[in-house]
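Step one of this worksheet: look at the structure below.
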Amino acid sequence: MSRTIASLRADEILDSRGNPTLRIHVTLESGVTVSASVPSGASTGENEAVELRDGDSGRYGGKGVRTAVANVEREIAPRLIGLDPTSQAEIDRVMIALDGTPNKSRLGANAILGVSMAVARAAAAAVGLPLYAYLGGAGARRLPIPQMNILNGGKHADNSVDFQEFMVVPLGAPTFAEALRYGAETFHALARILKRKGYATAVGDEGGFAPDLGSNEEACELIVEAVLAAGFAPGRDVAIALDPAASSFFVEGGYDLARSKQGRKTSAGMTELYRSWIDRYPIVSLEDGLAETDWDGFAAQTAALGGDIQIVGDDNFVTNTAFIARGIAERTANAVLIKLNQIGTVTETIDAVDLARSAGWGFVISHRSGETEDTFIADFAVAMGGGQIKTGSACRSERIAKYNRLLEIERALGKASVFGLPAALRRTRLAKE
């Protein structure tokens, strides 16, 4: 058949942090050639699929990916050449079996994922469909509300803020294009406020500002001020989402807010802190508010706060159906973050989404802090129809590329496009008011 896979090759390229990653090229017998690039995270769950690095200190500080490149060309390619790219599940199973480890550590999740994404893109091209329509079918028409990271801390910045991400959620916008405008105008209003107050306006890994603040709470105060300055109503037009990435400051059984000099807290103490913020600020979503190993704390937090806001698990679930199933059984969240490179294939990522959807959970398609200009997750978010995406701030081209792709999709869909609060956010306190 003219659409079978004719060749697979890999390149070592650089991500948005200047570290090596992979770009995979797939060519079909028909001559169609596509590529896909693989992101990389800084704040990673301990059970994520393994990103294979060379470990050669003489190149890129040991972060080179030549071994993963070789694995694509010498081991994976011979097994996939001649296969139909529309057989996504079969191709992904072949690579998983070829790797033979539970966490893709032999061939590398970066090698396997790059091939999996490129195969999906090749299949879409072969059948003449945009990627979102190929993966999601005729019903793929919901544009996601962005969680736009505008203030950074934690592992994404070198500053005095313990929490990793403070995001704006333009939930009152009528279209994706308007939501993007709400977020961008709030971002620029925040820049002006920071300058006026004498704060630095340098940005972190995901494009959010990374000033030294007096406290973690000041970040929420600044965002509310920026929303108002941009001419929007906090809570009605633009809300707040938090990703503390609490595993990064979980030390010896407690939460050490050392950067902001706010001392140590228990799980219950952290939940009390979040409750006080929810009462004062227009917060709709809390991701990784506790450490990935604190399953009991997560369950208690969801019982206490889950009726008012979205409780999102990331590092504890790592886009893995086994951990998501445990979370559903133990009621440790009511939503899950979805990252393709946490699990390592398109098929397994879709399985994770399907499991979350079957439980009535929300799900948020997410980028990584080390990104490329690849826009796969923009199409994937529309294909999955969950109505939420995290892909960074209103600056840095590797983030903007995803937003611009979503603008293209919304324009292509025209009047068929859907935008608005997904069920997971309609259940929040602010949406009920």
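In the structure tokens, chains take the letters A, B, ... in the order shown, each chain's residues start at 1, and ligands count up from 1 in the order shown.
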Exercise. What lies within 9 Å of Glu51 of chain A using only C-alpha atoms, ignoring chain neighbours under 6 positions off, as a list in words?
Worked result: Ser40, Ala68, Lys104, Ser105, Gly108, Ala109, Asn110, Ala111 and Asn341 of chain A
**Prompt:** Using only C-alpha atoms, which residue out of A:Ala258, A:Ile350, A:Ala6, A:Ile309 lies closest to Asp279 of chain A?
**Reply:**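 Under the stated criterion, the closest residue is A:Ile309.
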I'd like the interatomic distance between atom CA of Ala77 of chain A and atom CA of Glu48 of chain A, to a tenth of an Å.
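Rounded to one decimal, the two atoms are 24.1 Å apart.
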Inset, instruction - Would you kindly return, as a ChimeraX atom specification, each protein, DNA or RNA residue with an atom no farther than 9 Å from any atom of Gly254 of chain A, considering only C-alpha atoms and excluding same-chain residues fewer than 3 positions away? - result: /A:249-251,264-267
Would you write out those residues with N, CA, C and O atoms, as a short mmCIF file (atom, residue, chain, number, x, y, z; two decimals), in the first residue's frame?
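See result.cif below for the written result:
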data_model
loop_
_atom_site.label_atom_id
_atom_site.label_comp_id
_atom_site.auth_asym_id
_atom_site.auth_seq_id
_atom_site.Cartn_x
_atom_site.Cartn_y
_atom_site.Cartn_z
N PHE A 249 8.82 20.57 47.39
CA PHE A 249 9.17 21.11 48.71
C PHE A 249 8.67 20.20 49.84
O PHE A 249 8.50 20.64 50.97
N PHE A 250 8.46 18.93 49.52
CA PHE A 250 8.10 17.92 50.51
C PHE A 250 9.39 17.32 51.06
O PHE A 250 10.13 16.65 50.34
N VAL A 251 9.68 17.59 52.33
CA VAL A 251 10.96 17.18 52.92
C VAL A 251 10.69 16.48 54.25
O VAL A 251 10.06 17.04 55.15
N ARG A 264 7.34 25.14 57.99
CA ARG A 264 6.91 23.81 57.59
C ARG A 264 5.43 23.63 57.89
O ARG A 264 4.91 24.16 58.86
N LYS A 265 4.77 22.82 57.04
CA LYS A 265 3.36 22.52 57.24
C LYS A 265 3.09 21.04 57.03
O LYS A 265 3.81 20.37 56.28
N THR A 266 2.06 20.55 57.68
CA THR A 266 1.58 19.19 57.45
C THR A 266 0.66 19.19 56.23
O THR A 266 0.33 20.25 55.68
N SER A 267 0.22 17.99 55.83
CA SER A 267 -0.77 17.91 54.74
C SER A 267 -2.00 18.71 55.09
O SER A 267 -2.52 19.49 54.26
#
Practice prompt. Might you pull out every residue within 9 Å of segment 220-236 of chain A, with only C-alpha atoms counted and same-chain residues fewer than 6 positions away left off, and present them as a PyMOL selection string?
Written response: chain A and resi 150-151+166-168+170-172+182-183+185-194+277+281-284+430-431
Could you dump the residues just selected with N, CA and C atoms as a JSON list (two decimals), in the first residue's frame?
[["chain", "number", "residue", "atom", "x", "y", "z"],
["A", 150, "ILE", "N", 1.32, 32.69, 34.28],
["A", 150, "ILE", "CA", 1.86, 34.06, 34.17],
["A", 150, "ILE", "C", 2.80, 34.43, 35.32],
["A", 151, "LEU", "N", 2.83, 33.63, 36.39],
["A", 151, "LEU", "CA", 3.84, 33.81, 37.44],
["A", 151, "LEU", "C", 4.46, 32.46, 37.76],
["A", 166, "PHE", "N", 1.42, 29.88, 38.85],
["A", 166, "PHE", "CA", 0.21, 30.64, 39.10],
["A", 166, "PHE", "C", -0.36, 30.99, 37.72],
["A", 167, "MET", "N", -1.56, 30.51, 37.44],
["A", 167, "MET", "CA", -2.12, 30.61, 36.09],
["A", 167, "MET", "C", -3.43, 31.39, 36.08],
["A", 168, "VAL", "N", -3.70, 32.03, 34.95],
["A", 168, "VAL", "CA", -5.01, 32.64, 34.75],
["A", 168, "VAL", "C", -5.84, 31.75, 33.85],
["A", 170, "PRO", "N", -9.19, 32.12, 31.63],
["A", 170, "PRO", "CA", -10.18, 33.05, 31.09],
["A", 170, "PRO", "C", -11.52, 32.36, 30.83],
["A", 171, "LEU", "N", -12.19, 31.95, 31.90],
["A", 171, "LEU", "CA", -13.37, 31.12, 31.77],
["A", 171, "LEU", "C", -14.62, 31.87, 31.33],
["A", 172, "GLY", "N", -14.57, 33.20, 31.34],
["A", 172, "GLY", "CA", -15.73, 33.98, 30.91],
["A", 172, "GLY", "C", -15.73, 34.36, 29.45],
["A", 182, "TYR", "N", -7.96, 37.62, 26.54],
["A", 182, "TYR", "CA", -8.09, 37.90, 27.97],
["A", 182, "TYR", "C", -6.79, 37.57, 28.70],
["A", 183, "GLY", "N", -6.25, 36.40, 28.40],
["A", 183, "GLY", "CA", -5.02, 35.97, 29.07],
["A", 183, "GLY", "C", -3.83, 36.85, 28.72],
["A", 185, "GLU", "N", -3.83, 39.97, 27.60],
["A", 185, "GLU", "CA", -3.95, 41.32, 28.14],
["A", 185, "GLU", "C", -3.70, 41.34, 29.65],
["A", 186, "THR", "N", -4.10, 40.28, 30.34],
["A", 186, "THR", "CA", -3.80, 40.18, 31.78],
["A", 186, "THR", "C", -2.30, 40.04, 32.00],
["A", 187, "PHE", "N", -1.65, 39.24, 31.15],
["A", 187, "PHE", "CA", -0.19, 39.06, 31.22],
["A", 187, "PHE", "C", 0.52, 40.40, 31.07],
["A", 188, "HIS", "N", 0.12, 41.20, 30.10],
["A", 188, "HIS", "CA", 0.78, 42.49, 29.87],
["A", 188, "HIS", "C", 0.45, 43.49, 30.97],
["A", 189, "ALA", "N", -0.77, 43.41, 31.52],
["A", 189, "ALA", "CA", -1.10, 44.26, 32.66],
["A", 189, "ALA", "C", -0.23, 43.91, 33.86],
["A", 190, "LEU", "N", 0.00, 42.62, 34.05],
["A", 190, "LEU", "CA", 0.86, 42.18, 35.15],
["A", 190, "LEU", "C", 2.28, 42.70, 34.96],
["A", 191, "ALA", "N", 2.77, 42.69, 33.74],
["A", 191, "ALA", "CA", 4.12, 43.21, 33.46],
["A", 191, "ALA", "C", 4.22, 44.67, 33.90],
["A", 192, "ARG", "N", 3.20, 45.45, 33.58],
["A", 192, "ARG", "CA", 3.23, 46.87, 33.95],
["A", 192, "ARG", "C", 3.19, 47.05, 35.47],
["A", 193, "ILE", "N", 2.41, 46.23, 36.14],
["A", 193, "ILE", "CA", 2.31, 46.31, 37.60],
["A", 193, "ILE", "C", 3.64, 45.94, 38.25],
["A", 194, "LEU", "N", 4.26, 44.87, 37.75],
["A", 194, "LEU", "CA", 5.55, 44.45, 38.31],
["A", 194, "LEU", "C", 6.60, 45.54, 38.14],
["A", 277, "TRP", "N", -6.99, 30.59, 50.83],
["A", 277, "TRP", "CA", -6.82, 31.28, 49.54],
["A", 277, "TRP", "C", -8.09, 31.20, 48.71],
["A", 281, "TYR", "N", -9.57, 34.43, 47.00],
["A", 281, "TYR", "CA", -9.18, 34.65, 45.60],
["A", 281, "TYR", "C", -10.02, 33.76, 44.68],
["A", 282, "PRO", "N", -10.17, 34.15, 43.42],
["A", 282, "PRO", "CA", -11.02, 33.39, 42.49],
["A", 282, "PRO", "C", -10.31, 32.16, 41.92],
["A", 283, "ILE", "N", -10.04, 31.21, 42.78],
["A", 283, "ILE", "CA", -9.32, 30.00, 42.40],
["A", 283, "ILE", "C", -10.30, 28.91, 41.97],
["A", 284, "VAL", "N", -10.04, 28.29, 40.82],
["A", 284, "VAL", "CA", -10.92, 27.23, 40.33],
["A", 284, "VAL", "C", -10.23, 25.88, 40.22],
["A", 430, "LEU", "N", -17.03, 28.96, 41.87],
["A", 430, "LEU", "CA", -17.24, 30.21, 41.13],
["A", 430, "LEU", "C", -18.29, 30.04, 40.05],
["A", 431, "ALA", "N", -18.29, 28.86, 39.39],
["A", 431, "ALA", "CA", -19.27, 28.63, 38.34],
["A", 431, "ALA", "C", -20.68, 28.52, 38.89]]
Find the residues near Ser285 of chain A: any atom within 7 Å, counting only C-alpha atoms, skip ones fewer than 4 places away on the same chain, and give them as a PyMOL selection string. chain A and resi 241-242+309-311
Those same residues - all heavy atoms - I'd like them written as an mmCIF file, in the first residue's frame.
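Dumped to part_25.cif:
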data_model
loop_
_atom_site.group_PDB
_atom_site.id
_atom_site.type_symbol
_atom_site.label_atom_id
_atom_site.label_comp_id
_atom_site.auth_asym_id
_atom_site.auth_seq_id
_atom_site.Cartn_x
_atom_site.Cartn_y
_atom_site.Cartn_z
ATOM 1 N N ALA A 241 -5.714 29.432 38.521
ATOM 2 C CA ALA A 241 -5.375 28.028 38.758
ATOM 3 C C ALA A 241 -3.977 27.975 39.352
ATOM 4 O O ALA A 241 -3.106 28.769 38.984
ATOM 5 C CB ALA A 241 -5.439 27.223 37.462
ATOM 6 N N LEU A 242 -3.770 27.037 40.266
ATOM 7 C CA LEU A 242 -2.482 26.886 40.954
ATOM 8 C C LEU A 242 -1.871 25.517 40.667
ATOM 9 O O LEU A 242 -2.583 24.513 40.611
ATOM 10 C CB LEU A 242 -2.657 27.008 42.471
ATOM 11 C CG LEU A 242 -3.336 28.255 43.029
ATOM 12 C CD1 LEU A 242 -3.508 28.109 44.536
ATOM 13 C CD2 LEU A 242 -2.536 29.502 42.697
ATOM 14 N N ILE A 309 -13.555 23.348 44.095
ATOM 15 C CA ILE A 309 -12.590 23.562 43.028
ATOM 16 C C ILE A 309 -12.207 22.225 42.393
ATOM 17 O O ILE A 309 -12.519 21.160 42.909
ATOM 18 C CB ILE A 309 -11.308 24.274 43.529
ATOM 19 C CG1 ILE A 309 -10.550 23.395 44.535
ATOM 20 C CG2 ILE A 309 -11.609 25.640 44.105
ATOM 21 C CD1 ILE A 309 -9.163 23.911 44.860
ATOM 22 N N GLN A 310 -11.513 22.317 41.285
ATOM 23 C CA GLN A 310 -10.958 21.152 40.624
ATOM 24 C C GLN A 310 -9.657 20.760 41.313
ATOM 25 O O GLN A 310 -8.748 21.577 41.456
ATOM 26 C CB GLN A 310 -10.710 21.483 39.147
ATOM 27 C CG GLN A 310 -10.089 20.368 38.329
ATOM 28 C CD GLN A 310 -9.986 20.737 36.860
ATOM 29 O OE1 GLN A 310 -10.724 20.251 36.027
ATOM 30 N NE2 GLN A 310 -9.063 21.626 36.528
ATOM 31 N N ILE A 311 -9.554 19.509 41.750
ATOM 32 C CA ILE A 311 -8.329 18.982 42.361
ATOM 33 C C ILE A 311 -7.652 18.086 41.334
ATOM 34 O O ILE A 311 -8.167 17.010 40.985
ATOM 35 C CB ILE A 311 -8.626 18.171 43.641
ATOM 36 C CG1 ILE A 311 -9.422 19.005 44.649
ATOM 37 C CG2 ILE A 311 -7.327 17.653 44.255
ATOM 38 C CD1 ILE A 311 -8.673 20.171 45.230
#
**Study point:** Which residue of A:Gly214, A:Ala378, A:Pro146, A:Pro422 approaches Ala177 of chain A most closely, using only C-alpha atoms
**Key:**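 Residue with the minimum atom-to-atom distance to Ala177 of chain A: A:Pro146.
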Within 9 Å of segment 368-371 of chain A, counting only C-alpha atoms, which residues qualify if same-chain residues fewer than 5 places away don't, as number ranges by chain? A: 15-19, 37-43, 156, 205-206, 339, 341, 390-392, 398-399
- Where does DSSP see strand (DSSP E or B) in segment 197-336 of chain A, if you list the residues as a list in words?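 The residues of segment 197-336 of chain A classed as strand (DSSP E or B) are Val203, Phe209, Pro234, Val238, Ala239, Ile240, Ala241, Leu242, Asp243, Phe250, Val251, Gly254, Tyr255, Asp256, Arg264, Lys265, Ile283, Val284, Ser285, Leu286, Glu287, Gln310, Ile311, Val312, Gly313, Ala335 and Val336 of chain A.
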Using only C-alpha atoms, the shortest atom-to-atom distance to Ala329 of chain A among A:Leu425, A:Leu355, A:Ala202, A:Leu80 belongs to A:Leu355
Checklist entry - Between A:Ile409, A:Leu52, A:Ala133, A:Ile324, which has the minimum distance to Ser358 of chain A (counting only C-alpha atoms)? => result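 Among A:Ile409, A:Leu52, A:Ala133, A:Ile324, it is A:Ile324 that comes nearest to Ser358 of chain A.
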- Coordinates-based distance that separates atom CA of Arg142 of chain A from atom CA of Ser116 of chain A (Å, one decimal):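 Separating atom CA of Ser116 of chain A from atom CA of Arg142 of chain A is a distance of 23.7 Å.
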Give me the residues near Pro20 of chain A as a PDB file with N, CA and C atoms, in the first residue's frame, where near means some atom within 6 Å (using only C-alpha atoms) and where sequence neighbours in that chain fewer than 4 positions away do not count.
ATOM      1  N   ILE A  13      17.862  17.340  18.504  1.00  0.00           N
ATOM      2  CA  ILE A  13      17.620  18.778  18.408  1.00  0.00           C
ATOM      3  C   ILE A  13      17.647  19.367  19.816  1.00  0.00           C
ATOM      4  N   LEU A  14      17.387  20.662  19.943  1.00  0.00           N
ATOM      5  CA  LEU A  14      17.358  21.313  21.252  1.00  0.00           C
ATOM      6  C   LEU A  14      15.944  21.716  21.624  1.00  0.00           C
ATOM      7  N   GLY A  64      22.812  14.354  26.315  1.00  0.00           N
ATOM      8  CA  GLY A  64      22.649  14.021  24.907  1.00  0.00           C
ATOM      9  C   GLY A  64      21.687  12.858  24.698  1.00  0.00           C
TER      10      GLY A  64
END
